[in-house]
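Heads up, target34.txt below (compact mmCIF, C-alpha atoms):
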# COMPACT_ATOMS: atom_id res chain seq x y z
CA MET A 1 -28.14 -26.46 1.17
CA LEU A 2 -28.96 -23.72 3.69
CA ARG A 3 -27.36 -25.83 6.37
CA THR A 4 -24.17 -26.16 4.31
CA ILE A 5 -24.01 -22.40 3.76
CA SER A 6 -24.56 -21.52 7.40
CA LEU A 7 -22.08 -24.18 8.47
CA SER A 8 -19.35 -22.85 6.21
CA VAL A 9 -20.05 -19.29 7.37
CA LEU A 10 -19.70 -20.49 10.96
CA LEU A 11 -16.46 -22.30 10.14
CA PHE A 12 -14.97 -19.10 8.75
CA LEU A 13 -16.06 -17.12 11.79
CA MET A 14 -14.38 -19.66 14.05
CA ALA A 15 -11.17 -19.46 12.01
CA CYS A 16 -11.10 -15.69 12.47
CA THR A 17 -8.26 -14.11 14.42
CA ASN A 18 -7.52 -10.43 15.06
CA ASP A 19 -3.75 -10.55 15.38
CA SER A 20 -1.12 -8.06 14.42
CA LEU A 21 2.64 -8.37 14.03
CA GLY A 22 4.77 -6.89 16.79
CA GLU A 23 6.84 -3.78 16.38
CA PRO A 24 9.77 -4.61 14.08
CA VAL A 25 12.97 -5.19 16.03
CA LYS A 26 15.88 -2.99 14.91
CA GLY A 27 19.38 -4.44 14.86
CA GLU A 28 22.33 -2.88 16.65
CA CYS A 29 23.29 -0.20 14.17
CA ASP A 30 24.16 2.62 16.53
CA ASN A 31 27.91 2.16 16.38
CA LEU A 32 27.98 1.27 12.69
CA SER A 33 28.30 3.81 9.93
CA VAL A 34 27.45 1.91 6.78
CA THR A 35 27.63 3.66 3.42
CA TYR A 36 27.17 2.38 -0.13
CA VAL A 37 30.72 3.16 -1.20
CA ASP A 38 32.37 1.68 1.92
CA LEU A 39 30.62 -1.56 2.56
CA ILE A 40 27.55 -2.16 0.42
CA LYS A 41 28.85 -1.86 -3.15
CA PRO A 42 31.25 -4.83 -2.74
CA ILE A 43 28.36 -7.01 -1.52
CA ILE A 44 26.06 -5.97 -4.37
CA ASP A 45 28.78 -6.33 -7.03
CA GLU A 46 29.58 -9.82 -5.78
CA SER A 47 26.01 -11.07 -5.24
CA CYS A 48 23.66 -9.09 -7.51
CA ALA A 49 25.27 -7.01 -10.27
CA TYR A 50 26.78 -9.60 -12.56
CA SER A 51 26.04 -10.62 -16.14
CA ASN A 52 22.64 -12.26 -16.69
CA CYS A 53 21.36 -10.72 -13.45
CA HIS A 54 20.98 -7.17 -12.14
CA LEU A 55 23.49 -5.88 -14.65
CA ASP A 56 21.87 -6.52 -17.99
CA THR A 57 18.91 -8.94 -17.71
CA ALA A 58 17.01 -8.71 -14.43
CA PRO A 59 15.26 -5.40 -13.54
CA GLY A 60 17.65 -2.57 -12.72
CA ASN A 61 21.35 -2.08 -13.32
CA PHE A 62 22.83 -2.46 -9.85
CA ILE A 63 26.43 -1.62 -10.77
CA THR A 64 25.78 2.04 -9.82
CA TYR A 65 24.12 3.62 -6.82
CA ALA A 66 21.64 5.45 -9.09
CA GLY A 67 20.54 2.15 -10.59
CA ILE A 68 19.63 0.74 -7.18
CA VAL A 69 17.91 3.79 -5.69
CA PRO A 70 14.42 3.19 -7.21
CA PHE A 71 14.35 -0.29 -5.64
CA LEU A 72 15.52 1.09 -2.31
CA GLU A 73 12.88 3.79 -2.35
CA ASN A 74 9.93 1.56 -3.21
CA GLY A 75 10.96 -0.95 -0.55
CA SER A 76 11.31 -3.93 -2.90
CA PHE A 77 15.06 -4.20 -2.13
CA ARG A 78 14.40 -4.60 1.58
CA ASN A 79 11.53 -6.97 0.94
CA ARG A 80 13.40 -9.29 -1.45
CA VAL A 81 16.78 -9.24 0.29
CA LEU A 82 15.71 -9.24 3.94
CA ASN A 83 12.04 -10.04 4.51
CA ILE A 84 11.57 -12.93 2.09
CA LYS A 85 15.22 -13.92 1.67
CA ASP A 86 14.39 -17.62 2.07
CA ASP A 87 11.81 -17.70 -0.70
CA PRO A 88 13.38 -19.82 -3.48
CA THR A 89 12.24 -17.61 -6.37
CA LEU A 90 11.43 -14.18 -4.92
CA GLY A 91 14.05 -14.06 -2.17
CA MET A 92 17.30 -12.48 -3.36
CA PRO A 93 19.67 -13.95 -4.33
CA PRO A 94 17.33 -16.63 -5.72
CA ALA A 95 17.98 -20.37 -5.76
CA PHE A 96 18.38 -20.55 -9.55
CA ILE A 97 21.54 -18.44 -9.95
CA PRO A 98 24.81 -19.74 -11.45
CA ALA A 99 26.67 -22.21 -9.23
CA ASP A 100 29.75 -20.00 -8.90
CA LYS A 101 27.77 -17.15 -7.33
CA PRO A 102 26.73 -16.92 -3.66
CA SER A 103 23.13 -18.13 -3.32
CA SER A 104 22.65 -16.50 0.06
CA LEU A 105 24.14 -13.61 1.96
CA THR A 106 26.02 -14.14 5.21
CA ASP A 107 24.51 -12.96 8.49
CA GLU A 108 27.15 -10.26 8.66
CA GLU A 109 26.26 -9.00 5.17
CA LEU A 110 22.55 -9.08 5.98
CA ASN A 111 23.12 -7.04 9.11
CA LEU A 112 25.16 -4.45 7.20
CA ILE A 113 22.41 -4.15 4.61
CA ARG A 114 19.72 -3.88 7.29
CA CYS A 115 21.59 -1.09 9.07
CA TRP A 116 22.27 0.67 5.78
CA LEU A 117 18.55 0.58 4.86
CA ASP A 118 17.43 1.63 8.36
CA ASN A 119 19.73 4.63 8.02
CA ASN A 120 18.15 5.61 4.65
CA PHE A 121 20.86 4.02 2.47
CA PRO A 122 23.52 6.81 2.41
CA GLU A 123 25.80 6.76 -0.64
CA GLU A 124 28.92 8.06 1.09
CA MET B 125 -29.72 -17.10 14.19
CA LEU B 126 -27.67 -17.12 10.98
CA LYS B 127 -30.02 -19.68 9.57
CA SER B 128 -33.07 -17.57 10.22
CA ILE B 129 -31.44 -14.50 8.65
CA LEU B 130 -30.61 -16.52 5.58
CA SER B 131 -34.11 -17.96 5.37
CA LEU B 132 -35.56 -14.46 5.69
CA LEU B 133 -33.36 -13.18 2.88
CA LEU B 134 -34.38 -16.16 0.76
CA LEU B 135 -38.06 -15.61 1.45
CA THR B 136 -37.79 -11.94 0.53
CA GLY B 137 -36.14 -12.97 -2.69
CA PHE B 138 -38.81 -15.54 -3.55
CA SER B 139 -41.74 -13.31 -2.68
CA PHE B 140 -40.36 -10.62 -4.94
CA ALA B 141 -39.90 -13.25 -7.60
CA LEU B 142 -43.60 -14.13 -7.41
CA TYR B 143 -44.57 -10.63 -8.44
CA SER B 144 -41.97 -10.34 -11.13
CA GLN B 145 -43.10 -9.60 -14.63
CA GLU B 146 -39.96 -10.02 -16.60
CA LYS B 147 -36.47 -10.34 -15.21
CA ILE B 148 -33.95 -7.86 -16.53
CA SER B 149 -31.02 -9.85 -17.86
CA GLN B 150 -27.40 -8.93 -18.37
CA THR B 151 -27.05 -5.97 -16.05
CA PHE B 152 -23.39 -6.84 -16.62
CA LYS B 153 -22.13 -9.24 -19.30
CA ASP B 154 -19.58 -10.91 -17.06
CA THR B 155 -19.57 -11.99 -13.40
CA ARG B 156 -16.74 -9.50 -12.75
CA VAL B 157 -16.50 -5.81 -13.62
CA ILE B 158 -12.74 -5.20 -13.46
CA ASN B 159 -11.50 -5.71 -9.92
CA SER B 160 -14.99 -6.08 -8.42
CA HIS B 161 -17.63 -8.74 -8.76
CA SER B 162 -20.74 -7.90 -10.74
CA VAL B 163 -24.25 -8.78 -9.63
CA GLU B 164 -24.41 -11.57 -12.24
CA THR B 165 -24.37 -15.24 -11.27
CA LEU B 166 -23.84 -18.10 -13.72
CA PRO B 167 -26.77 -20.01 -15.21
CA LYS B 168 -27.21 -23.49 -13.72
CA ARG B 169 -24.61 -26.07 -14.82
CA LYS B 170 -22.39 -23.56 -16.61
CA LEU B 171 -18.67 -23.75 -15.96
CA ASP B 172 -16.77 -20.50 -16.37
CA VAL B 173 -13.03 -20.90 -16.94
CA ARG B 174 -11.30 -17.65 -16.07
CA ILE B 175 -7.80 -16.30 -16.60
CA SER B 176 -6.80 -12.81 -15.46
CA HIS B 177 -3.50 -11.07 -15.65
CA ARG B 178 -2.10 -7.81 -14.29
CA PHE B 179 1.19 -6.57 -15.68
CA GLY B 180 3.87 -4.38 -14.09
CA ASP B 181 3.82 -0.59 -13.78
CA PHE B 182 3.18 1.05 -17.17
CA ALA B 183 5.28 4.12 -16.39
CA GLY B 184 7.15 5.55 -13.41
CA ASP B 185 10.34 4.14 -11.88
CA ASN B 186 9.57 0.51 -12.72
CA GLY B 187 7.85 1.07 -16.04
CA GLY B 188 8.51 2.64 -19.40
CA TYR B 189 10.55 1.17 -22.23
CA LYS B 190 12.99 -0.71 -19.95
CA THR B 191 10.22 -3.13 -18.94
CA PHE B 192 8.31 -2.59 -22.22
CA PHE B 193 5.62 -0.66 -20.32
CA GLY B 194 5.29 -3.33 -17.67
CA LEU B 195 4.60 -6.19 -20.08
CA GLU B 196 7.76 -7.99 -18.97
CA ASN B 197 6.55 -8.14 -15.37
CA ALA B 198 3.44 -9.70 -13.91
CA THR B 199 2.07 -8.46 -10.61
CA ASP B 200 -0.83 -10.89 -10.31
CA ILE B 201 -2.14 -13.86 -12.27
CA LEU B 202 -5.40 -15.71 -11.71
CA PHE B 203 -6.46 -19.12 -12.96
CA GLY B 204 -9.76 -20.49 -11.83
CA VAL B 205 -13.25 -21.75 -12.42
CA ASP B 206 -16.73 -20.69 -11.37
CA TYR B 207 -19.66 -23.09 -11.52
CA GLY B 208 -23.40 -22.42 -11.49
CA VAL B 209 -24.88 -24.78 -8.89
CA THR B 210 -28.27 -23.19 -9.49
CA ASP B 211 -29.25 -20.05 -11.40
CA ARG B 212 -28.95 -18.17 -8.10
CA PHE B 213 -25.91 -19.82 -6.56
CA THR B 214 -22.39 -19.82 -8.00
CA ILE B 215 -19.26 -21.26 -6.42
CA GLY B 216 -15.69 -20.80 -7.58
CA LEU B 217 -12.10 -21.71 -6.86
CA HIS B 218 -9.29 -19.47 -8.05
CA ARG B 219 -5.56 -19.53 -7.68
CA THR B 220 -3.75 -16.20 -7.54
CA LYS B 221 -0.13 -15.24 -7.13
CA GLY B 222 -1.00 -12.51 -4.63
CA ALA B 223 0.36 -9.02 -5.19
CA GLY B 224 -0.63 -6.55 -2.48
CA SER B 225 2.00 -4.85 -0.39
CA MET B 226 2.35 -2.24 2.33
CA PRO B 227 3.83 1.17 1.47
CA ASP B 228 7.20 0.05 2.93
CA GLY B 229 7.28 -2.84 0.47
CA SER B 230 6.46 -5.66 2.89
CA SER B 231 4.13 -8.21 1.34
CA GLY B 232 0.58 -9.26 2.05
CA LEU B 233 -0.50 -12.88 1.56
CA ARG B 234 1.07 -14.74 -1.37
CA GLN B 235 0.32 -17.91 -3.41
CA LEU B 236 -3.37 -17.91 -2.66
CA LEU B 237 -6.23 -20.31 -3.06
CA ASN B 238 -9.45 -18.30 -3.19
CA GLY B 239 -12.88 -19.75 -2.65
CA VAL B 240 -15.81 -17.68 -3.90
CA GLY B 241 -19.53 -18.04 -3.20
CA LYS B 242 -22.19 -15.87 -4.84
CA PHE B 243 -25.86 -15.94 -4.03
CA ARG B 244 -28.43 -13.95 -5.98
CA LEU B 245 -31.01 -12.38 -3.66
CA LEU B 246 -33.02 -10.17 -6.01
CA HIS B 247 -33.57 -9.84 -9.72
CA GLN B 248 -34.56 -6.46 -11.17
CA THR B 249 -37.83 -6.68 -13.14
CA SER B 250 -39.06 -4.77 -16.16
CA ASP B 251 -42.12 -3.40 -14.32
CA ASN B 252 -39.86 -1.93 -11.61
CA ARG B 253 -41.62 -3.77 -8.77
CA VAL B 254 -38.11 -4.96 -8.03
CA PRO B 255 -36.03 -1.90 -8.90
CA VAL B 256 -32.59 -3.42 -8.30
CA SER B 257 -30.71 -6.68 -8.51
CA MET B 258 -28.90 -7.88 -5.40
CA THR B 259 -26.22 -10.51 -4.89
CA LEU B 260 -24.30 -11.58 -1.80
CA VAL B 261 -20.63 -12.48 -2.30
CA GLY B 262 -18.22 -14.26 0.04
CA VAL B 263 -14.51 -14.65 -0.62
CA ALA B 264 -12.07 -16.69 1.47
CA SER B 265 -8.36 -16.59 0.63
CA LEU B 266 -5.80 -19.04 1.97
CA SER B 267 -2.07 -18.53 1.49
CA THR B 268 -0.26 -21.72 0.50
CA ALA B 269 3.13 -20.02 0.76
CA GLU B 270 5.87 -21.73 2.70
CA LYS B 271 6.08 -20.57 6.32
CA ILE B 272 9.15 -18.47 7.14
CA ASP B 273 9.86 -19.15 10.79
CA ASP B 274 12.88 -17.04 11.57
CA ASN B 275 11.50 -13.60 10.70
CA PRO B 276 8.77 -12.45 13.12
CA ASP B 277 8.52 -9.10 11.28
CA ILE B 278 6.68 -10.46 8.25
CA ILE B 279 3.21 -11.85 7.58
CA ARG B 280 4.74 -15.06 6.23
CA SER B 281 5.99 -15.98 9.71
CA PHE B 282 2.38 -17.27 10.17
CA PRO B 283 2.39 -17.83 13.96
CA LYS B 284 -0.99 -19.60 13.63
CA PHE B 285 -2.51 -21.47 10.71
CA ALA B 286 -5.47 -19.06 10.67
CA HIS B 287 -2.99 -16.27 9.87
CA ARG B 288 -2.82 -17.62 6.33
CA MET B 289 -6.40 -16.54 5.77
CA ALA B 290 -8.24 -13.39 4.82
CA THR B 291 -11.96 -13.18 4.11
CA HIS B 292 -14.26 -10.72 2.42
CA ALA B 293 -18.02 -10.35 2.23
CA GLU B 294 -19.97 -7.88 0.16
CA LEU B 295 -23.47 -7.04 -1.02
CA LEU B 296 -23.88 -6.05 -4.64
CA ILE B 297 -26.76 -3.72 -5.45
CA ALA B 298 -27.12 -3.03 -9.16
CA ARG B 299 -29.58 -1.41 -11.50
CA LYS B 300 -29.73 -1.52 -15.26
CA PHE B 301 -31.03 1.96 -16.06
CA SER B 302 -31.27 1.37 -19.79
CA ASP B 303 -30.02 -1.11 -22.38
CA GLY B 304 -26.69 0.63 -22.43
CA PHE B 305 -26.10 1.70 -18.85
CA SER B 306 -25.78 -0.17 -15.54
CA LEU B 307 -24.59 1.03 -12.15
CA GLN B 308 -23.63 -0.97 -9.06
CA LEU B 309 -22.95 -0.18 -5.39
CA ILE B 310 -20.74 -2.52 -3.34
CA PRO B 311 -20.72 -2.22 0.44
CA GLY B 312 -18.20 -4.73 1.78
CA PHE B 313 -16.11 -5.89 4.72
CA THR B 314 -12.62 -7.39 4.57
CA GLN B 315 -11.09 -9.33 7.45
CA ARG B 316 -7.37 -10.14 7.59
CA ASN B 317 -6.41 -12.53 10.37
CA LEU B 318 -2.85 -11.22 10.67
CA VAL B 319 -1.83 -7.67 9.80
CA PRO B 320 1.43 -5.68 9.93
CA PHE B 321 2.34 -3.69 13.05
CA GLU B 322 -0.29 -1.05 13.93
CA ASP B 323 -2.64 -2.02 11.09
CA GLU B 324 -6.30 -2.96 11.51
CA ASN B 325 -7.79 -6.41 10.90
CA GLY B 326 -11.28 -5.47 9.74
CA ILE B 327 -11.89 -2.88 7.00
CA PHE B 328 -15.24 -1.68 5.69
CA SER B 329 -15.28 -0.53 2.07
CA LEU B 330 -17.64 0.89 -0.52
CA GLY B 331 -17.26 0.18 -4.20
CA LEU B 332 -18.87 1.67 -7.28
CA ALA B 333 -19.00 -0.04 -10.67
CA THR B 334 -20.50 0.79 -14.03
CA ARG B 335 -20.92 -0.58 -17.53
CA VAL B 336 -21.71 1.48 -20.62
CA GLN B 337 -22.44 -0.29 -23.91
CA LEU B 338 -20.52 1.44 -26.70
CA THR B 339 -21.16 -0.77 -29.73
CA LYS B 340 -22.89 -4.11 -30.20
CA VAL B 341 -19.90 -6.08 -28.94
CA MET B 342 -17.93 -3.51 -26.98
CA ALA B 343 -18.61 -1.86 -23.63
CA LEU B 344 -16.80 0.50 -21.32
CA VAL B 345 -16.48 -0.79 -17.74
CA ALA B 346 -15.09 0.90 -14.65
CA ASP B 347 -14.92 0.27 -10.93
CA VAL B 348 -13.46 1.89 -7.83
CA THR B 349 -13.28 0.74 -4.19
CA PHE B 350 -12.90 3.07 -1.22
CA PRO B 351 -11.59 1.37 1.95
CA PHE B 352 -12.83 3.09 5.13
CA SER B 353 -9.65 3.11 7.14
CA GLU B 354 -7.90 5.99 8.86
CA ARG B 355 -4.54 4.49 7.93
CA ARG B 356 -5.34 4.15 4.27
CA THR B 357 -4.62 7.70 3.15
CA THR B 358 -2.38 8.96 0.37
CA GLU B 359 -0.12 10.57 3.01
CA ASN B 360 0.50 7.07 4.36
CA GLY B 361 1.17 5.72 0.87
CA PHE B 362 -2.13 3.99 0.14
CA TYR B 363 -4.20 4.68 -2.98
CA THR B 364 -7.75 3.95 -4.06
CA PRO B 365 -7.96 0.97 -6.43
CA LEU B 366 -9.50 2.29 -9.65
CA GLY B 367 -9.86 0.51 -12.97
CA VAL B 368 -11.26 1.27 -16.41
CA GLY B 369 -11.55 -1.22 -19.23
CA LEU B 370 -13.07 -2.28 -22.51
CA GLU B 371 -15.14 -5.44 -22.56
CA PHE B 372 -15.71 -7.45 -25.74
CA ASP B 373 -18.45 -10.05 -25.94
CA THR B 374 -17.43 -12.31 -28.81
CA GLY B 375 -20.15 -14.89 -28.18
CA GLY B 376 -19.42 -17.67 -25.67
CA HIS B 377 -16.56 -15.79 -24.18
CA VAL B 378 -15.94 -12.36 -22.77
CA PHE B 379 -12.60 -10.70 -23.25
CA GLN B 380 -11.64 -7.66 -21.24
CA PHE B 381 -8.74 -5.28 -21.62
CA ASN B 382 -8.19 -2.93 -18.70
CA VAL B 383 -5.97 -0.38 -16.99
CA THR B 384 -5.82 -0.22 -13.17
CA ASN B 385 -3.50 0.88 -10.39
CA ALA B 386 -4.45 -2.17 -8.26
CA THR B 387 -1.69 -4.78 -8.49
CA ALA B 388 -3.79 -7.60 -7.06
CA LEU B 389 -6.86 -9.45 -8.32
CA MET B 390 -8.80 -10.60 -5.25
CA GLU B 391 -10.77 -8.37 -2.86
CA THR B 392 -8.86 -9.73 0.15
CA ASP B 393 -5.69 -8.49 -1.55
CA TYR B 394 -6.38 -5.22 -3.38
CA ILE B 395 -8.71 -3.60 -0.82
CA PRO B 396 -6.20 -3.54 2.07
CA TYR B 397 -3.00 -3.46 0.01
CA THR B 398 -3.19 -1.05 -2.94
CA THR B 399 -0.15 1.21 -2.66
CA SER B 400 0.43 2.08 -6.30
CA ASN B 401 -0.47 5.51 -7.55
CA TRP B 402 -2.11 6.32 -10.89
CA SER B 403 -0.49 9.75 -11.08
CA ALA B 404 3.01 8.32 -10.52
CA GLY B 405 2.55 6.10 -13.57
CA GLN B 406 1.97 3.04 -11.38
CA PHE B 407 -0.97 1.75 -13.38
CA ARG B 408 -0.86 -1.40 -15.38
CA LEU B 409 -2.38 -3.12 -18.35
CA GLY B 410 -4.45 -6.15 -17.59
CA PHE B 411 -6.79 -8.59 -19.23
CA THR B 412 -9.44 -11.09 -18.27
CA ILE B 413 -10.73 -13.96 -20.35
CA SER B 414 -13.90 -15.79 -19.40
CA ARG B 415 -15.01 -18.84 -21.35
CA LEU B 416 -18.28 -20.65 -20.62
CA PHE B 417 -18.73 -24.41 -20.92
CA ASN B 418 -21.90 -26.47 -20.51
CA LEU B 419 -21.63 -29.27 -17.99

Please express what this file holds, its structure, as structure tokens.
Amino acid sequence: MLRTISLSVLLFLMACTNDSLGEPVKGECDNLSVTYVDLIKPIIDESCAYSNCHLDTAPGNFITYAGIVPFLENGSFRNRVLNIKDDPTLGMPPAFIPADKPSSLTDEELNLIRCWLDNNFPEE
Amino acid sequence: MLKSILSLLLLTGFSFALYSQEKISQTFKDTRVINSHSVETLPKRKLDVRISHRFGDFAGDNGGYKTFFGLENATDILFGVDYGVTDRFTIGLHRTKGAGSMPDGSSGLRQLLNGVGKFRLLHQTSDNRVPVSMTLVGVASLSTAEKIDDNPDIIRSFPKFAHRMATHAELLIARKFSDGFSLQLIPGFTQRNLVPFEDENGIFSLGLATRVQLTKVMALVADVTFPFSERRTTENGFYTPLGVGLEFDTGGHVFQFNVTNATALMETDYIPYTTSNWSAGQFRLGFTISRLFNL
């Protein structure tokens, strides 16, 4: 019994690492001026704010800027849309949406959103 | 070396046990307080089936009537079992969703399998020769989430397999001061194998837990855990996990109803990653059910 305990303790110690993620790489946003009204609202209206999703059922009404702001401020928008975008249930848009809606954003759209968030999501 | 330390601890425990007059039982009713473990271990051959739930923010931006005070969201859910191998040694396996996040919203570990080991070192006695009860707890969490290769900015990129793991060890020191009042100190250490940019892997913490019997079946419980970390300040968006709850012992099972700002249920999760703030309405309702079976 003692041997088992000490062995498992040892195993955990051996599996220990002290690693940290590198500094997040920022995209090329310098020459882009992305605002909600210009470029982001069309993406959100097309991919998020439709019936049975972030319009009337899922958390938040994303048809207006004010409805999105809380999710931008608490970071969940960035997390769901960018960081864990490939997660089938948590990544947005999720895998279970209606067939006629885009189930993933294009690289170009993702880059626009990333730049918009990095620049503190200006409305206009 | 480890072996000799363990043997020494065991010997200390047994020699105290030789002197003991009468062991003080039920310092806590359950093996958990709210977020923290309690000094209690299971009796031999008892199986404890546990279900815990933490809902979404009660108030604030994500709470209120539009989410029916958080009840329409779940931050963390635990299903699991503990088993008493001996009266002093309990093992457990628990599955949690995982809920902790950094202040910028990036996630900690998700979809976790948590192994728990508890070993009772000391048992408080009625003659006060042994003034406190002591239990050693080890927790190992393993994320079973799918690896996301193409994003090196997130924990889930898991460059190594070991990065899926976080471990926690703590010593519980508790005293039952009277029939109705128990207090517990929890020095602990949490190790995360992979952390976000400029975060620290190892964190020492100190917890405090209490139980006050209110009526024959109902008790007030509370616990708080302070992580010792320069980065974990309110200015940086981290908050101290604090919970209060009511515990009902209905005979054979313990039901607990609680309110806490911690979103997560395991030590490896809520100690490094509590970023929700009581005063901003980011506390949540939660419950825990524990049902004992004889095996």

Grab the CA of Gly22 in chain A to CA of Asn83 in chain A distance for me, in Å with one decimal place.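 It comes out at 14.6 Å.
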
Residues of chain B at most 8 Å from chain A: nearest atom pair and distance in Å, all atoms listed in the file, as a tab-separated table:
residue	atom	partner	partner_atom	distance
B:Leu126	CA	A:Ser6	CA	6.5
B:Lys127	CA	A:Ser6	CA	6.2
B:Leu130	CA	A:Leu2	CA	7.6
B:Ser131	CA	A:Leu2	CA	7.9
B:Asp185	CA	A:Pro70	CA	6.3
B:Asn186	CA	A:Pro70	CA	7.8
B:Thr191	CA	A:Pro59	CA	7.7
B:Pro227	CA	A:Asn74	CA	7.7
B:Asp228	CA	A:Gly75	CA	5.2
B:Gly229	CA	A:Gly75	CA	4.3
B:Ser230	CA	A:Asn79	CA	5.6
B:Ser231	CA	A:Asn79	CA	7.5
B:Glu270	CA	A:Asp87	CA	7.9
B:Ile272	CA	A:Asp86	CA	7.3
B:Asn275	CA	A:Asn83	CA	7.2
B:Pro276	CA	A:Leu21	CA	7.4
B:Asp277	CA	A:Pro24	CA	5.4
B:Ile278	CA	A:Asn83	CA	6.5
B:Ile279	CA	A:Leu21	CA	7.4
B:Ala286	CA	A:Ala15	CA	5.9
B:His287	CA	A:Thr17	CA	7.3
B:Arg316	CA	A:Asn18	CA	7.5
B:Asn317	CA	A:Thr17	CA	4.7
B:Leu318	CA	A:Asp19	CA	4.8
B:Val319	CA	A:Ser20	CA	4.7
B:Pro320	CA	A:Leu21	CA	5.1
B:Phe321	CA	A:Leu21	CA	4.8
B:Glu322	CA	A:Ser20	CA	7.1
B:Asp323	CA	A:Ser20	CA	7.1
B:Glu324	CA	A:Ser20	CA	7.8
B:Asn325	CA	A:Asn18	CA	5.8

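Across the model, the gap from CA of Pro94 in chain A to CA of Asn120 in chain A is 24.6 Å.
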
Closest of B:Ile310, B:Leu217, B:Ile175, B:Ala333 to Asp200 in chain B - atom-to-atom distances counting all atoms listed in the file: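 With all atoms listed in the file as the atom set, the closest residue is B:Ile175.
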
Would you mind reading off the distance between CA of Met258 in chain B and CA of Thr314 in chain B, one decimal, in Å?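 Taking CA of Met258 in chain B as the start and CA of Thr314 in chain B as the end point, the length is 19.1 Å.
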
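In this comparison, which uses all atoms listed in the file, the residue of A:Ile97, A:Ile40, A:Leu90, A:Glu123 approaching Lys221 in chain B most closely is A:Leu90.
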
So which one's closest to Ala388 in chain B, B:Ile148, B:Leu246, B:Val163, B:Leu366? Using all atoms listed in the file, please.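 Closest residue, counting all atoms listed in the file: B:Leu366.
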
Neighbouring residues of Phe213 in chain B were defined as those with any atom within 9 Å, considering all atoms listed in the file; residues of the same chain fewer than 5 positions away were excluded. Please report them as an MDAnalysis selection string. chainID B and resid 165:168 207:208 241:244

Neighbour list for Ala293 in chain B as a compact mmCIF listing (two decimals) with C-alpha atoms, in the frame of the given file, cut-off 8 Å, all atoms listed in the file, skip fewer than 2 positions in-chain:
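Output file out-v6.txt follows:
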# COMPACT_ATOMS: atom_id res chain seq x y z
CA LEU B 260 -24.30 -11.58 -1.80
CA VAL B 261 -20.63 -12.48 -2.30
CA GLY B 262 -18.22 -14.26 0.04
CA VAL B 263 -14.51 -14.65 -0.62
CA THR B 291 -11.96 -13.18 4.11
CA LEU B 295 -23.47 -7.04 -1.02
CA GLY B 312 -18.20 -4.73 1.78
CA PHE B 313 -16.11 -5.89 4.72
CA THR B 314 -12.62 -7.39 4.57

For Asp107 in chain A, which residue out of A:Glu124, A:Phe62, A:Val81, A:Cys48 is the nearest one, using all atoms listed in the file?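 Smallest distance to Asp107 in chain A is found for A:Val81.
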
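Here the residues that fall within 12 Å of (-11.5, 2.6, -25.6), using only C-alpha atoms, are given as Val336, Gln337, Leu338, Thr339, Met342, Ala343, Leu344, Val345, Ala346, Val368, Gly369, Leu370, Glu371, Phe372, Gln380, Phe381, Asn382 and Val383 of chain B.
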
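Using all atoms listed in the file, the smallest distance between any of B:Gly376, B:Gly367, B:Gly304, B:Gly232 and Phe152 in chain B comes from B:Gly304.
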
Can you pull out the residues contacting range 109-118 of chain A? Cut-off 8 Å, using only C-alpha atoms, and skip same-chain residues under 5 positions away; I want them as an mmCIF file with C-alpha atoms, keeping the file's coordinate frame.
data_model
loop_
_atom_site.group_PDB
_atom_site.id
_atom_site.type_symbol
_atom_site.label_atom_id
_atom_site.label_comp_id
_atom_site.auth_asym_id
_atom_site.auth_seq_id
_atom_site.Cartn_x
_atom_site.Cartn_y
_atom_site.Cartn_z
ATOM 1 C CA GLY A 27 19.380 -4.440 14.860
ATOM 2 C CA GLU A 28 22.330 -2.880 16.650
ATOM 3 C CA CYS A 29 23.290 -0.200 14.170
ATOM 4 C CA LEU A 32 27.980 1.270 12.690
ATOM 5 C CA SER A 33 28.300 3.810 9.930
ATOM 6 C CA VAL A 34 27.450 1.910 6.780
ATOM 7 C CA THR A 35 27.630 3.660 3.420
ATOM 8 C CA TYR A 36 27.170 2.380 -0.130
ATOM 9 C CA LEU A 39 30.620 -1.560 2.560
ATOM 10 C CA ILE A 40 27.550 -2.160 0.420
ATOM 11 C CA ILE A 43 28.360 -7.010 -1.520
ATOM 12 C CA LEU A 72 15.520 1.090 -2.310
ATOM 13 C CA ARG A 78 14.400 -4.600 1.580
ATOM 14 C CA LEU A 82 15.710 -9.240 3.940
#
